[in-house]
file entry_11.tsv (TSV, C-alpha atoms and all ligand atoms)
chain	number	residue	atom	x	y	z
A	1	MET	CA	62.17	130.11	91.78
A	2	ARG	CA	64.69	130.50	94.64
A	3	GLU	CA	66.65	133.73	94.80
A	4	ASN	CA	69.87	132.19	96.07
A	5	PHE	CA	71.46	128.90	95.06
A	6	LEU	CA	71.10	126.25	97.78
A	7	ILE	CA	74.69	125.09	98.19
A	8	PHE	CA	75.05	121.43	99.12
A	9	GLY	CA	77.14	120.92	102.26
A	10	SER	CA	77.90	124.56	103.01
A	11	PRO	CA	79.47	124.76	106.51
A	12	LEU	CA	77.98	126.76	109.38
A	13	ILE	CA	80.73	129.07	110.67
A	14	GLY	CA	79.86	131.44	113.51
A	15	GLU	CA	81.40	134.46	115.18
A	16	PRO	CA	83.27	132.40	117.83
A	17	GLU	CA	85.14	130.53	115.08
A	18	ILE	CA	85.96	133.79	113.32
A	19	ALA	CA	87.17	135.42	116.57
A	20	GLU	CA	89.37	132.41	117.35
A	21	VAL	CA	90.95	132.49	113.88
A	22	VAL	CA	91.63	136.21	114.26
A	23	ASP	CA	93.12	135.56	117.70
A	24	CYS	CA	95.34	132.94	116.14
A	25	LEU	CA	96.51	135.27	113.36
A	26	ARG	CA	97.23	138.07	115.85
A	27	SER	CA	99.11	135.75	118.20
A	28	GLY	CA	101.80	135.04	115.61
A	29	TRP	CA	101.54	131.32	116.32
A	30	VAL	CA	99.79	130.20	113.14
A	31	GLY	CA	101.42	126.83	112.49
A	32	THR	CA	101.03	123.63	114.49
A	33	GLY	CA	100.87	124.65	118.13
A	34	PRO	CA	98.75	125.04	121.25
A	35	LYS	CA	95.37	125.26	119.53
A	36	VAL	CA	95.98	121.96	117.73
A	37	GLN	CA	96.89	120.38	121.07
A	38	ARG	CA	93.73	121.76	122.70
A	39	PHE	CA	91.60	120.52	119.82
A	40	GLU	CA	93.19	117.05	120.02
A	41	THR	CA	92.37	116.85	123.73
A	42	MET	CA	88.83	118.04	123.05
A	43	VAL	CA	88.29	115.41	120.33
A	44	SER	CA	89.70	112.55	122.41
A	45	GLN	CA	87.54	113.54	125.40
A	46	TYR	CA	84.45	113.83	123.21
A	47	LEU	CA	85.04	110.39	121.70
A	48	GLY	CA	86.19	108.70	124.89
A	49	VAL	CA	89.46	107.50	123.38
A	50	ALA	CA	92.92	107.85	124.90
A	51	HIS	CA	94.75	109.63	122.05
A	52	CYS	CA	93.90	111.87	119.13
A	53	ARG	CA	96.38	113.34	116.66
A	54	CYS	CA	95.17	115.90	114.15
A	55	VAL	CA	96.49	115.95	110.60
A	56	SER	CA	95.82	117.83	107.38
A	57	SER	CA	92.99	115.55	106.16
A	58	CYS	CA	91.27	112.24	106.68
A	59	THR	CA	93.10	110.99	103.60
A	60	ALA	CA	96.41	111.80	105.33
A	61	ALA	CA	95.18	109.99	108.45
A	62	LEU	CA	94.35	106.90	106.39
A	63	ILE	CA	97.75	106.93	104.65
A	64	ILE	CA	99.66	107.32	107.93
A	65	GLY	CA	97.41	104.78	109.63
A	66	LEU	CA	98.05	102.11	107.00
A	67	GLN	CA	101.79	102.68	107.27
A	68	LEU	CA	101.66	102.32	111.06
A	69	LEU	CA	99.69	99.08	110.71
A	70	GLY	CA	102.54	97.76	108.58
A	71	VAL	CA	100.45	97.54	105.40
A	72	GLY	CA	102.62	97.62	102.29
A	73	PRO	CA	103.42	96.01	98.95
A	74	GLY	CA	102.02	92.49	98.57
A	75	ASP	CA	99.26	93.09	101.12
A	76	GLU	CA	95.55	93.20	100.39
A	77	VAL	CA	93.14	95.53	102.17
A	78	LEU	CA	89.36	95.01	102.13
A	79	VAL	CA	87.63	98.26	101.18
A	80	PRO	CA	83.99	98.84	100.28
A	81	ALA	CA	83.31	99.56	96.60
A	82	MET	CA	80.71	102.09	97.76
A	83	THR	CA	82.86	104.81	99.32
A	84	PHE	CA	84.66	108.00	98.44
A	85	VAL	CA	87.78	107.15	96.41
A	86	ALA	CA	90.05	108.49	99.17
A	87	SER	CA	89.58	105.18	101.05
A	88	ALA	CA	90.93	103.10	98.16
A	89	ASN	CA	93.49	105.74	97.14
A	90	ALA	CA	95.09	105.51	100.59
A	91	VAL	CA	95.59	101.77	100.07
A	92	GLU	CA	97.20	102.44	96.69
A	93	HIS	CA	99.54	104.98	98.32
A	94	ALA	CA	100.55	102.32	100.84
A	95	GLY	CA	101.62	100.18	97.86
A	96	ALA	CA	99.00	97.59	98.79
A	97	THR	CA	96.04	96.26	96.80
A	98	PRO	CA	92.51	97.42	97.62
A	99	VAL	CA	90.17	94.44	97.39
A	100	LEU	CA	86.74	95.91	96.81
A	101	VAL	CA	83.70	94.52	98.59
A	102	ASP	CA	80.07	95.02	97.55
A	103	SER	CA	77.42	96.65	99.73
A	104	VAL	CA	74.41	95.45	101.63
A	105	PRO	CA	71.29	96.64	99.76
A	106	GLY	CA	69.49	99.46	101.55
A	107	THR	CA	72.17	100.82	103.86
A	108	GLY	CA	74.98	100.55	101.27
A	109	LEU	CA	77.38	99.52	104.06
A	110	ILE	CA	80.16	96.98	103.39
A	111	ASP	CA	78.77	93.43	103.23
A	112	PHE	CA	80.77	91.55	105.88
A	113	GLU	CA	79.78	88.14	104.47
A	114	LEU	CA	81.32	89.08	101.13
A	115	ALA	CA	84.30	90.62	102.92
A	116	GLU	CA	84.94	87.35	104.74
A	117	ALA	CA	84.63	85.40	101.47
A	118	ALA	CA	87.24	87.71	99.88
A	119	ILE	CA	89.92	86.98	102.51
A	120	THR	CA	93.10	85.39	101.14
A	121	PRO	CA	96.49	84.61	102.74
A	122	ARG	CA	97.57	88.12	101.66
A	123	THR	CA	94.70	89.94	103.37
A	124	ARG	CA	96.27	92.16	105.96
A	125	ALA	CA	93.62	94.71	106.90
A	126	ILE	CA	90.06	95.92	106.48
A	127	MET	CA	88.94	99.53	106.12
A	128	PRO	CA	85.22	99.70	106.94
A	129	VAL	CA	83.43	102.96	106.13
A	130	HIS	CA	80.58	104.25	108.30
A	131	LEU	CA	78.77	105.42	105.18
A	132	ALA	CA	76.53	108.49	105.60
A	133	GLY	CA	77.21	108.40	109.37
A	134	ARG	CA	75.62	104.97	109.90
A	135	PRO	CA	77.89	102.77	112.03
A	136	VAL	CA	78.82	99.40	110.55
A	137	ASP	CA	78.04	96.35	112.72
A	138	MET	CA	80.99	96.70	115.13
A	139	GLU	CA	80.42	93.29	116.66
A	140	ARG	CA	80.59	91.57	113.28
A	141	LEU	CA	83.68	93.64	112.45
A	142	ALA	CA	85.42	92.61	115.68
A	143	ARG	CA	84.67	88.94	114.96
A	144	LEU	CA	86.08	89.20	111.46
A	145	ARG	CA	89.16	91.01	112.81
A	146	ASP	CA	89.81	88.49	115.59
A	147	GLU	CA	89.04	85.29	113.65
A	148	HIS	CA	91.23	86.26	110.70
A	149	GLY	CA	93.93	88.29	112.50
A	150	LEU	CA	93.15	91.40	110.46
A	151	LYS	CA	94.26	94.94	111.21
A	152	VAL	CA	91.44	97.48	111.16
A	153	ILE	CA	91.45	101.11	110.19
A	154	GLU	CA	87.99	102.65	110.30
A	155	ASP	CA	87.17	105.37	107.79
A	156	ALA	CA	84.92	107.51	109.98
A	157	ALA	CA	84.96	110.57	107.70
A	158	HIS	CA	81.15	110.70	107.97
A	159	ALA	CA	80.79	109.44	111.49
A	160	ILE	CA	81.97	111.86	114.14
A	161	GLY	CA	79.25	111.65	116.79
A	162	ALA	CA	77.99	108.22	115.68
A	163	GLU	CA	77.59	105.61	118.43
A	164	TRP	CA	77.49	101.86	118.72
A	165	ARG	CA	75.82	100.52	121.88
A	166	GLY	CA	76.60	103.63	123.90
A	167	ARG	CA	80.20	104.06	122.74
A	168	ARG	CA	81.29	106.57	120.19
A	169	ILE	CA	82.76	105.45	116.87
A	170	GLY	CA	86.50	105.90	117.36
A	171	ALA	CA	86.41	104.46	120.87
A	172	LEU	CA	85.96	100.79	119.97
A	173	GLY	CA	89.60	99.78	119.95
A	174	ASN	CA	90.60	100.28	116.30
A	175	LEU	CA	92.66	102.95	114.62
A	176	THR	CA	90.00	105.37	113.37
A	177	ALA	CA	90.27	108.27	110.91
A	178	PHE	CA	87.98	111.33	110.92
A	179	SER	CA	87.55	114.18	108.44
A	180	PHE	CA	86.97	117.86	109.14
A	181	TYR	CA	86.66	118.79	105.46
A	182	VAL	CA	84.29	121.65	104.53
A	183	THR	CA	81.22	119.50	103.94
A	184	LYS	CA	81.58	117.12	106.92
A	185	ASN	CA	79.62	117.22	110.19
A	186	ILE	CA	82.18	119.62	111.71
A	187	SER	CA	84.83	121.46	109.73
A	188	THR	CA	88.29	122.95	110.06
A	189	ILE	CA	88.04	123.68	106.26
A	190	GLU	CA	90.66	120.99	105.62
A	191	GLY	CA	91.66	118.63	108.40
A	192	GLY	CA	91.46	115.18	109.86
A	193	ALA	CA	92.36	113.10	112.87
A	194	LEU	CA	93.59	109.65	113.73
A	195	VAL	CA	92.54	108.27	117.11
A	196	THR	CA	93.91	105.30	119.02
A	197	GLU	CA	94.26	103.76	122.48
A	198	ASP	CA	97.97	103.25	121.86
A	199	ALA	CA	100.30	106.03	123.06
A	200	GLU	CA	103.21	104.86	120.91
A	201	ILE	CA	101.07	104.86	117.76
A	202	ALA	CA	99.85	108.37	118.62
A	203	ALA	CA	103.44	109.57	119.00
A	204	GLU	CA	104.32	107.98	115.65
A	205	VAL	CA	101.37	109.69	113.95
A	206	GLU	CA	102.68	113.03	115.15
A	207	ARG	CA	106.18	112.27	113.90
A	208	LEU	CA	105.03	110.92	110.53
A	209	ALA	CA	102.78	113.94	109.98
A	210	LEU	CA	105.79	116.25	110.29
A	211	HIS	CA	108.60	114.84	108.13
A	212	GLY	CA	109.43	112.11	110.67
A	213	LEU	CA	111.02	114.67	113.02
A	214	SER	CA	111.62	113.61	116.58
A	215	LEU	CA	110.42	117.00	117.91
A	216	GLY	CA	107.27	118.90	116.93
A	217	ALA	CA	107.36	122.56	115.84
A	218	TRP	CA	105.97	123.55	119.21
A	219	GLN	CA	108.99	121.98	120.91
A	220	ARG	CA	111.51	123.27	118.36
A	221	PHE	CA	110.47	126.91	118.35
A	222	SER	CA	109.38	127.49	121.95
A	223	ASP	CA	111.47	129.10	124.67
A	224	THR	CA	112.67	125.90	126.34
A	225	GLY	CA	116.15	125.98	124.85
A	226	PHE	CA	117.58	124.84	121.52
A	227	ARG	CA	117.34	121.16	120.66
A	228	HIS	CA	118.27	119.26	117.53
A	229	TYR	CA	115.67	117.02	115.92
A	230	GLU	CA	116.42	113.62	114.44
A	231	VAL	CA	114.71	111.69	111.67
A	232	VAL	CA	114.27	107.96	112.08
A	233	ARG	CA	111.89	107.38	109.15
A	234	PRO	CA	110.87	109.59	106.24
A	235	GLY	CA	107.61	111.24	107.18
A	236	PHE	CA	105.04	113.30	105.33
A	237	LYS	CA	103.95	116.94	105.57
A	238	TYR	CA	100.49	116.29	106.94
A	239	ASN	CA	100.32	118.51	110.03
A	240	MET	CA	97.25	120.56	110.98
A	241	THR	CA	97.73	124.27	111.69
A	242	ASP	CA	96.45	126.31	114.64
A	243	VAL	CA	94.34	128.37	112.20
A	244	GLN	CA	92.45	125.19	111.32
A	245	ALA	CA	92.21	123.98	114.92
A	246	ALA	CA	90.82	127.42	115.89
A	247	LEU	CA	87.69	126.55	113.90
A	248	GLY	CA	87.43	123.06	115.34
A	249	LEU	CA	87.57	124.36	118.93
A	250	HIS	CA	84.20	126.07	118.37
A	251	GLN	CA	82.68	123.54	115.98
A	252	LEU	CA	83.00	120.41	118.12
A	253	PRO	CA	80.94	121.75	121.08
A	254	GLN	CA	78.06	122.29	118.62
A	255	LEU	CA	78.22	118.83	117.04
A	256	ASP	CA	75.61	117.06	119.17
A	257	GLY	CA	73.07	119.85	118.68
A	258	TRP	CA	73.79	119.83	114.97
A	259	ILE	CA	73.20	116.08	114.76
A	260	GLU	CA	69.81	116.68	116.42
A	261	ASP	CA	69.05	119.38	113.83
A	262	ARG	CA	70.04	116.98	111.09
A	263	ALA	CA	67.82	114.25	112.59
A	264	ARG	CA	64.83	116.62	112.58
A	265	LEU	CA	65.39	117.50	108.93
A	266	TRP	CA	65.85	113.80	108.22
A	267	ASP	CA	62.46	112.86	109.73
A	268	ARG	CA	60.83	115.71	107.86
A	269	TYR	CA	62.28	114.46	104.54
A	270	ASP	CA	61.03	110.95	105.35
A	271	ALA	CA	57.49	112.30	105.76
A	272	LEU	CA	57.55	114.70	102.80
A	273	LEU	CA	59.03	112.24	100.31
A	274	ALA	CA	56.96	109.19	101.23
A	275	ASP	CA	54.83	109.09	98.07
A	276	LEU	CA	57.52	109.89	95.49
A	277	PRO	CA	59.16	107.27	93.22
A	278	LEU	CA	62.26	106.93	95.37
A	279	GLU	CA	63.50	104.99	98.40
A	280	THR	CA	64.28	106.99	101.53
A	281	PRO	CA	67.18	105.76	103.73
A	282	PRO	CA	66.56	102.90	106.17
A	283	ALA	CA	65.96	103.90	109.80
A	284	PRO	CA	69.02	103.82	112.09
A	285	GLU	CA	69.67	100.40	113.62
A	286	PRO	CA	68.50	99.92	117.24
A	287	GLY	CA	71.29	100.53	119.78
A	288	THR	CA	73.12	102.94	117.49
A	289	ARG	CA	73.30	106.65	116.95
A	290	HIS	CA	73.48	107.61	113.29
A	291	ALA	CA	75.61	110.74	112.75
A	292	ARG	CA	73.13	111.83	110.02
A	293	HIS	CA	75.89	113.03	107.73
A	294	LEU	CA	74.11	112.30	104.43
A	295	TYR	CA	70.46	111.87	103.54
A	296	GLN	CA	70.67	109.62	100.49
A	297	VAL	CA	67.64	108.61	98.46
A	298	LEU	CA	67.57	105.95	95.72
A	299	LEU	CA	65.60	106.92	92.66
A	300	ASP	CA	63.22	104.16	91.52
A	301	PRO	CA	64.43	102.51	88.28
A	302	ASP	CA	61.12	103.44	86.62
A	303	ALA	CA	61.09	107.08	87.77
A	304	PRO	CA	60.28	109.47	84.90
A	305	LEU	CA	63.77	110.99	85.02
A	306	GLY	CA	67.20	109.40	85.39
A	307	ARG	CA	69.37	110.50	88.29
A	308	ASP	CA	71.79	112.65	86.25
A	309	GLU	CA	68.96	114.43	84.46
A	310	LEU	CA	67.29	115.06	87.78
A	311	LEU	CA	70.53	116.60	89.12
A	312	ASP	CA	70.61	118.99	86.16
A	313	ARG	CA	66.98	119.94	86.52
A	314	LEU	CA	67.47	120.67	90.22
A	315	ILE	CA	70.44	122.91	89.45
A	316	GLU	CA	68.24	124.83	86.98
A	317	ARG	CA	65.92	125.38	89.93
A	318	ARG	CA	68.90	126.63	91.95
A	319	ILE	CA	69.15	123.60	94.25
A	320	GLY	CA	72.45	121.79	94.74
A	321	THR	CA	72.42	118.08	95.58
A	322	GLY	CA	75.21	115.50	95.77
A	323	VAL	CA	76.09	112.00	94.56
A	324	HIS	CA	77.66	109.78	97.23
A	325	TYR	CA	79.06	107.94	95.45
A	326	ARG	CA	79.85	106.54	92.06
A	327	GLY	CA	81.57	103.35	93.25
A	328	VAL	CA	85.36	103.03	93.32
A	329	HIS	CA	85.17	100.23	90.70
A	330	LEU	CA	83.59	102.60	88.15
A	331	HIS	CA	86.45	105.12	88.14
A	332	PRO	CA	88.82	104.67	85.18
A	333	TYR	CA	91.96	104.14	87.27
A	334	TYR	CA	90.47	101.25	89.28
A	335	ARG	CA	88.40	99.88	86.40
A	336	ASP	CA	91.43	99.68	84.10
A	337	ARG	CA	94.02	98.62	86.67
A	338	TYR	CA	91.96	95.78	88.13
A	339	GLY	CA	89.63	95.04	85.19
A	340	PHE	CA	86.50	95.66	87.25
A	341	GLN	CA	83.11	95.39	85.57
A	342	PRO	CA	80.00	97.15	86.89
A	343	ALA	CA	78.39	93.72	87.35
A	344	ASP	CA	81.18	92.63	89.74
A	345	PHE	CA	79.59	94.83	92.42
A	346	PRO	CA	75.89	94.83	91.54
A	347	VAL	CA	74.62	96.55	94.70
A	348	ALA	CA	77.25	99.30	94.62
A	349	THR	CA	76.62	99.78	90.90
A	350	ALA	CA	72.86	100.16	91.42
A	351	ILE	CA	73.50	102.71	94.19
A	352	SER	CA	76.00	104.54	91.96
A	353	ASP	CA	73.36	104.92	89.23
A	354	ARG	CA	70.41	105.86	91.43
A	355	THR	CA	71.67	107.67	94.54
A	356	LEU	CA	71.08	111.33	95.26
A	357	SER	CA	72.03	113.15	98.48
A	358	LEU	CA	69.66	115.90	99.56
A	359	PRO	CA	70.84	119.02	101.41
A	360	LEU	CA	71.10	118.13	105.10
A	361	SER	CA	72.95	120.41	107.48
A	362	PRO	CA	72.22	122.83	110.31
A	363	LYS	CA	72.26	125.57	107.69
A	364	VAL	CA	69.35	124.05	105.76
A	365	SER	CA	65.95	125.54	106.71
A	366	GLU	CA	62.52	123.97	106.46
A	367	ALA	CA	61.81	126.48	103.65
A	368	ASP	CA	64.86	125.11	101.76
A	369	GLN	CA	63.53	121.60	102.26
A	370	ASP	CA	60.10	122.65	101.01
A	371	ASP	CA	61.66	124.18	97.85
A	372	LEU	CA	63.48	120.95	97.16
A	373	VAL	CA	60.49	118.73	97.84
A	374	SER	CA	58.20	120.75	95.58
A	375	ALA	CA	60.84	120.66	92.83
A	376	LEU	CA	61.11	116.87	93.21
A	377	ARG	CA	57.33	116.57	93.20
A	378	ASP	CA	57.16	118.51	89.92
A	379	LEU	CA	60.03	116.72	88.23
A	380	LEU	CA	59.05	113.22	89.31
A	381	ALA	CA	55.31	113.52	88.66
A	382	ARG	CA	54.23	110.53	86.59
B	1	LIG	C1	85.61	113.01	102.81
B	1	LIG	C2	85.99	111.58	102.88
B	1	LIG	C3	87.31	111.17	103.00
B	1	LIG	C4	88.46	112.12	102.86
B	1	LIG	O1	88.42	113.15	103.77
B	1	LIG	P1	89.46	114.36	103.58
B	1	LIG	O2	89.50	114.98	104.94
B	1	LIG	O3	88.84	115.25	102.55
B	1	LIG	O4	90.74	113.79	103.16
B	1	LIG	C5	87.60	109.83	103.15
B	1	LIG	N1	86.61	108.92	103.18
B	1	LIG	C6	85.32	109.26	103.04
B	1	LIG	C7	84.28	108.20	103.10
B	1	LIG	C8	84.96	110.60	102.86
B	1	LIG	O5	83.70	110.94	102.68

call {"tool": "encode", "arguments": {"input": "entry_11.tsv", "output": "structure tokens"}}
result
Amino acid sequence: MRENFLIFGSPLIGEPEIAEVVDCLRSGWVGTGPKVQRFETMVSQYLGVAHCRCVSSCTAALIIGLQLLGVGPGDEVLVPAMTFVASANAVEHAGATPVLVDSVPGTGLIDFELAEAAITPRTRAIMPVHLAGRPVDMERLARLRDEHGLKVIEDAAHAIGAEWRGRRIGALGNLTAFSFYVTKNISTIEGGALVTEDAEIAAEVERLALHGLSLGAWQRFSDTGFRHYEVVRPGFKYNMTDVQAALGLHQLPQLDGWIEDRARLWDRYDALLADLPLETPPAPEPGTRHARHLYQVLLDPDAPLGRDELLDRLIERRIGTGVHYRGVHLHPYYRDRYGFQPADFPVATAISDRTLSLPLSPKVSEADQDDLVSALRDLLAR
């Protein structure tokens, strides 16, 4: 039995992050300021995109992004059924209708054929999700966008560092939202970003994230002379603080190495789990870089234990795993509001019932993996 509980998705935070946070606290500038600006520049350079604006979460980025795309009441937005509910919730907050789309078996990514079939005269936008860090087919997405005049906002909460044909996700011409939540590939504890090629959209993101004010805090409270701000539209309170950005400044430079660590653990899981009654994730598509955010297995329908029982048994053995996800259509709010049945999204429903995410992060050791694999071997023995 393990001595310590293996926490799923625990972030790796080093001394440089801690020192930068302390520096921030001692400086007196703890709100939105120079460290956020430095982090935004660092993110946009890393991605190869013109503009990045940091906000308080990916959810905030999605809500602001939809508003800037002009999505509102009466509009429909195509969203995968197999995603975290934040994607669909953002559409609800915009006053629009999320139209759920089933997954492709195997990868669980949005099925673009079904997405195209779901387009109506009200369809305004599509929100693809790079599930687990696996990029969606960006060429197919661009075709769908251009042929049907759709707006696109990519939910790249899992996908910082993912690439499509040599370009990073976020740099392919669409508004793209990232998450720096605790469990994501890099973390500012809470935080997110919206990236774009459009300078005016970037300026609007900044305004909308801070009440709709015409001047940021950095401009209002610095020593350049007093200026009044003006409000031209009611904004939100979605700004990132320098304390958060302090973490990001030292996390981002480690991202590529961490993705390599994750890829090594990934290959090791593939080898160790090969003869168990479960499906391991499909290999990354040629010409892409998978950000290796989640290692999701699908329990065989005839495995000796159901998924939920397996989760419990693993917790008894002091191993934390995750479920990504129970589909949006299965949550009471969406089920009741739109009358969804599990059978409406058969692939997403099957994933919801059978998926299990195994610990995968630079903090996970081979010994941790071995503990998990031997527990699975025990529990799933026929
Ligand atoms: C985590 C996550 C979000 C929300 O990110 P926050 O930064 O926590 O708001 C949105 N979409 C997906 C797919 C996620 O996994």

call {"tool": "residues_around", "arguments": {"input": "entry_11.tsv", "residues": "segment 196-211 of chain A", "least_positions_apart": "2", "cutoff": "6 Å", "atoms": "all atoms listed in the file", "output": "number ranges by chain"}}
result
A: 50-51, 175, 213, 235-239

call {"tool": "residues_near_ligand", "arguments": {"input": "entry_11.tsv", "ligand": "ligand LIG 1 (chain B)", "cutoff": "8 Å", "atoms": "only C-alpha atoms and all ligand atoms", "output": "list in words"}}
result
Ser56, Ser57, Cys58, Thr59, Ala60, Ala61, Thr83, Phe84, Val85, Ala86, Ser87, Val129, His130, Leu131, Asp155, Ala156, Ala157, His158, Phe178, Ser179, Phe180, Tyr181, Thr183, Lys184, Glu190, Gly191 and Gly192 of chain A

call {"tool": "atom_distance", "arguments": {"input": "entry_11.tsv", "atom1": "atom CA of Ala246 of chain A", "atom2": "atom CA of Gln37 of chain A"}}
result
10.6 Å

call {"tool": "closest_residue", "arguments": {"input": "entry_11.tsv", "among": "A:Leu376, A:Leu6, A:Ile13, A:Val232", "to": "Ser214 of chain A", "atoms": "all atoms listed in the file"}}
result
A:Val232

call {"tool": "residues_around", "arguments": {"input": "entry_11.tsv", "residues": "Arg335 of chain A", "least_positions_apart": "5", "cutoff": "12 Å", "atoms": "only C-alpha atoms", "output": "short mmCIF file (atom, residue, chain, number, x, y, z; two decimals) with C-alpha atoms, in the coordinates of the input"}}
result
data_model
loop_
_atom_site.label_atom_id
_atom_site.label_comp_id
_atom_site.auth_asym_id
_atom_site.auth_seq_id
_atom_site.Cartn_x
_atom_site.Cartn_y
_atom_site.Cartn_z
CA ALA A 81 83.31 99.56 96.60
CA LEU A 100 86.74 95.91 96.81
CA GLY A 327 81.57 103.35 93.25
CA VAL A 328 85.36 103.03 93.32
CA HIS A 329 85.17 100.23 90.70
CA LEU A 330 83.59 102.60 88.15
CA PHE A 340 86.50 95.66 87.25
CA GLN A 341 83.11 95.39 85.57
CA PRO A 342 80.00 97.15 86.89
CA ALA A 343 78.39 93.72 87.35
CA ASP A 344 81.18 92.63 89.74
CA PHE A 345 79.59 94.83 92.42
#

call {"tool": "residues_around", "arguments": {"input": "entry_11.tsv", "residues": "Leu358 of chain A", "least_positions_apart": "2", "cutoff": "10 Å", "atoms": "only C-alpha atoms", "output": "PyMOL selection string"}}
result
chain A and resi 8-9+266+269+294-297+319-323+355-356+360-361+369+372-373

call {"tool": "atom_distance", "arguments": {"input": "entry_11.tsv", "atom1": "atom CA of Leu12 of chain A", "atom2": "atom CA of Glu366 of chain A"}}
result
16.0 Å

call {"tool": "residues_around", "arguments": {"input": "entry_11.tsv", "residues": "Glu260 of chain A", "least_positions_apart": "6", "cutoff": "12 Å", "atoms": "all atoms listed in the file", "output": "ChimeraX atom specification"}}
result
/A:161-162,185,254,266-267,289-293,360-362

call {"tool": "atom_distance", "arguments": {"input": "entry_11.tsv", "atom1": "atom CA of Ala350 of chain A", "atom2": "atom CA of Glu163 of chain A"}}
result
28.0 Å

call {"tool": "closest_residue", "arguments": {"input": "entry_11.tsv", "among": "A:Glu40, A:Glu139, A:Glu279, A:Asp302", "to": "Asp242 of chain A", "atoms": "all atoms listed in the file"}}
result
A:Glu40

call {"tool": "residues_around", "arguments": {"input": "entry_11.tsv", "residues": "Ser44 of chain A", "least_positions_apart": "4", "cutoff": "9 Å", "atoms": "only C-alpha atoms", "output": "count of residues only"}}
result
11

call {"tool": "closest_residue", "arguments": {"input": "entry_11.tsv", "among": "A:Gln244, A:Gln45, A:Thr123, A:Ser10", "to": "Leu25 of chain A", "atoms": "only C-alpha atoms"}}
result
A:Gln244

call {"tool": "closest_residue", "arguments": {"input": "entry_11.tsv", "among": "A:Tyr334, A:Glu113, A:Ile160, A:Ile119", "to": "Asn89 of chain A", "atoms": "all atoms listed in the file"}}
result
A:Tyr334

call {"tool": "closest_residue", "arguments": {"input": "entry_11.tsv", "among": "A:Leu172, A:Ile259, A:Ala90, A:Val43", "to": "Leu141 of chain A", "atoms": "all atoms listed in the file"}}
result
A:Leu172

call {"tool": "decode", "arguments": {"input": "entry_11.tsv", "residues": "segment 176-188 of chain A", "atoms": "N, CA and C atoms", "output": "PDB file, in the first residue's frame"}}
result
ATOM      1  N   THR A 176      -8.650  31.944 -29.704  1.00  0.00           N
ATOM      2  CA  THR A 176      -8.356  30.695 -28.987  1.00  0.00           C
ATOM      3  C   THR A 176      -8.205  30.974 -27.494  1.00  0.00           C
ATOM      4  N   ALA A 177      -8.846  30.115 -26.690  1.00  0.00           N
ATOM      5  CA  ALA A 177      -8.834  30.293 -25.233  1.00  0.00           C
ATOM      6  C   ALA A 177      -8.000  29.192 -24.574  1.00  0.00           C
ATOM      7  N   PHE A 178      -7.143  29.590 -23.644  1.00  0.00           N
ATOM      8  CA  PHE A 178      -6.288  28.658 -22.897  1.00  0.00           C
ATOM      9  C   PHE A 178      -6.629  28.732 -21.412  1.00  0.00           C
ATOM     10  N   SER A 179      -6.295  27.652 -20.698  1.00  0.00           N
ATOM     11  CA  SER A 179      -6.504  27.620 -19.247  1.00  0.00           C
ATOM     12  C   SER A 179      -5.187  27.387 -18.525  1.00  0.00           C
ATOM     13  N   PHE A 180      -5.012  28.118 -17.421  1.00  0.00           N
ATOM     14  CA  PHE A 180      -3.861  27.893 -16.544  1.00  0.00           C
ATOM     15  C   PHE A 180      -4.353  27.484 -15.153  1.00  0.00           C
ATOM     16  N   TYR A 181      -5.452  26.738 -15.145  1.00  0.00           N
ATOM     17  CA  TYR A 181      -6.000  26.189 -13.895  1.00  0.00           C
ATOM     18  C   TYR A 181      -4.993  25.194 -13.293  1.00  0.00           C
ATOM     19  N   VAL A 182      -5.164  24.913 -12.007  1.00  0.00           N
ATOM     20  CA  VAL A 182      -4.227  24.061 -11.250  1.00  0.00           C
ATOM     21  C   VAL A 182      -3.800  22.786 -11.974  1.00  0.00           C
ATOM     22  N   THR A 183      -4.768  22.092 -12.573  1.00  0.00           N
ATOM     23  CA  THR A 183      -4.455  20.768 -13.123  1.00  0.00           C
ATOM     24  C   THR A 183      -3.959  20.810 -14.571  1.00  0.00           C
ATOM     25  N   LYS A 184      -3.906  21.971 -15.201  1.00  0.00           N
ATOM     26  CA  LYS A 184      -3.594  22.023 -16.638  1.00  0.00           C
ATOM     27  C   LYS A 184      -2.082  21.901 -16.882  1.00  0.00           C
ATOM     28  N   ASN A 185      -1.672  21.918 -18.150  1.00  0.00           N
ATOM     29  CA  ASN A 185      -0.258  21.658 -18.458  1.00  0.00           C
ATOM     30  C   ASN A 185       0.695  22.673 -17.834  1.00  0.00           C
ATOM     31  N   ILE A 186       0.295  23.936 -17.742  1.00  0.00           N
ATOM     32  CA  ILE A 186       1.004  24.911 -16.906  1.00  0.00           C
ATOM     33  C   ILE A 186      -0.056  25.648 -16.096  1.00  0.00           C
ATOM     34  N   SER A 187       0.339  26.154 -14.925  1.00  0.00           N
ATOM     35  CA  SER A 187      -0.670  26.704 -14.024  1.00  0.00           C
ATOM     36  C   SER A 187      -0.277  28.053 -13.431  1.00  0.00           C
ATOM     37  N   THR A 188      -1.265  28.928 -13.353  1.00  0.00           N
ATOM     38  CA  THR A 188      -1.147  30.144 -12.544  1.00  0.00           C
ATOM     39  C   THR A 188      -2.138  30.032 -11.371  1.00  0.00           C
TER      40      THR A 188
END
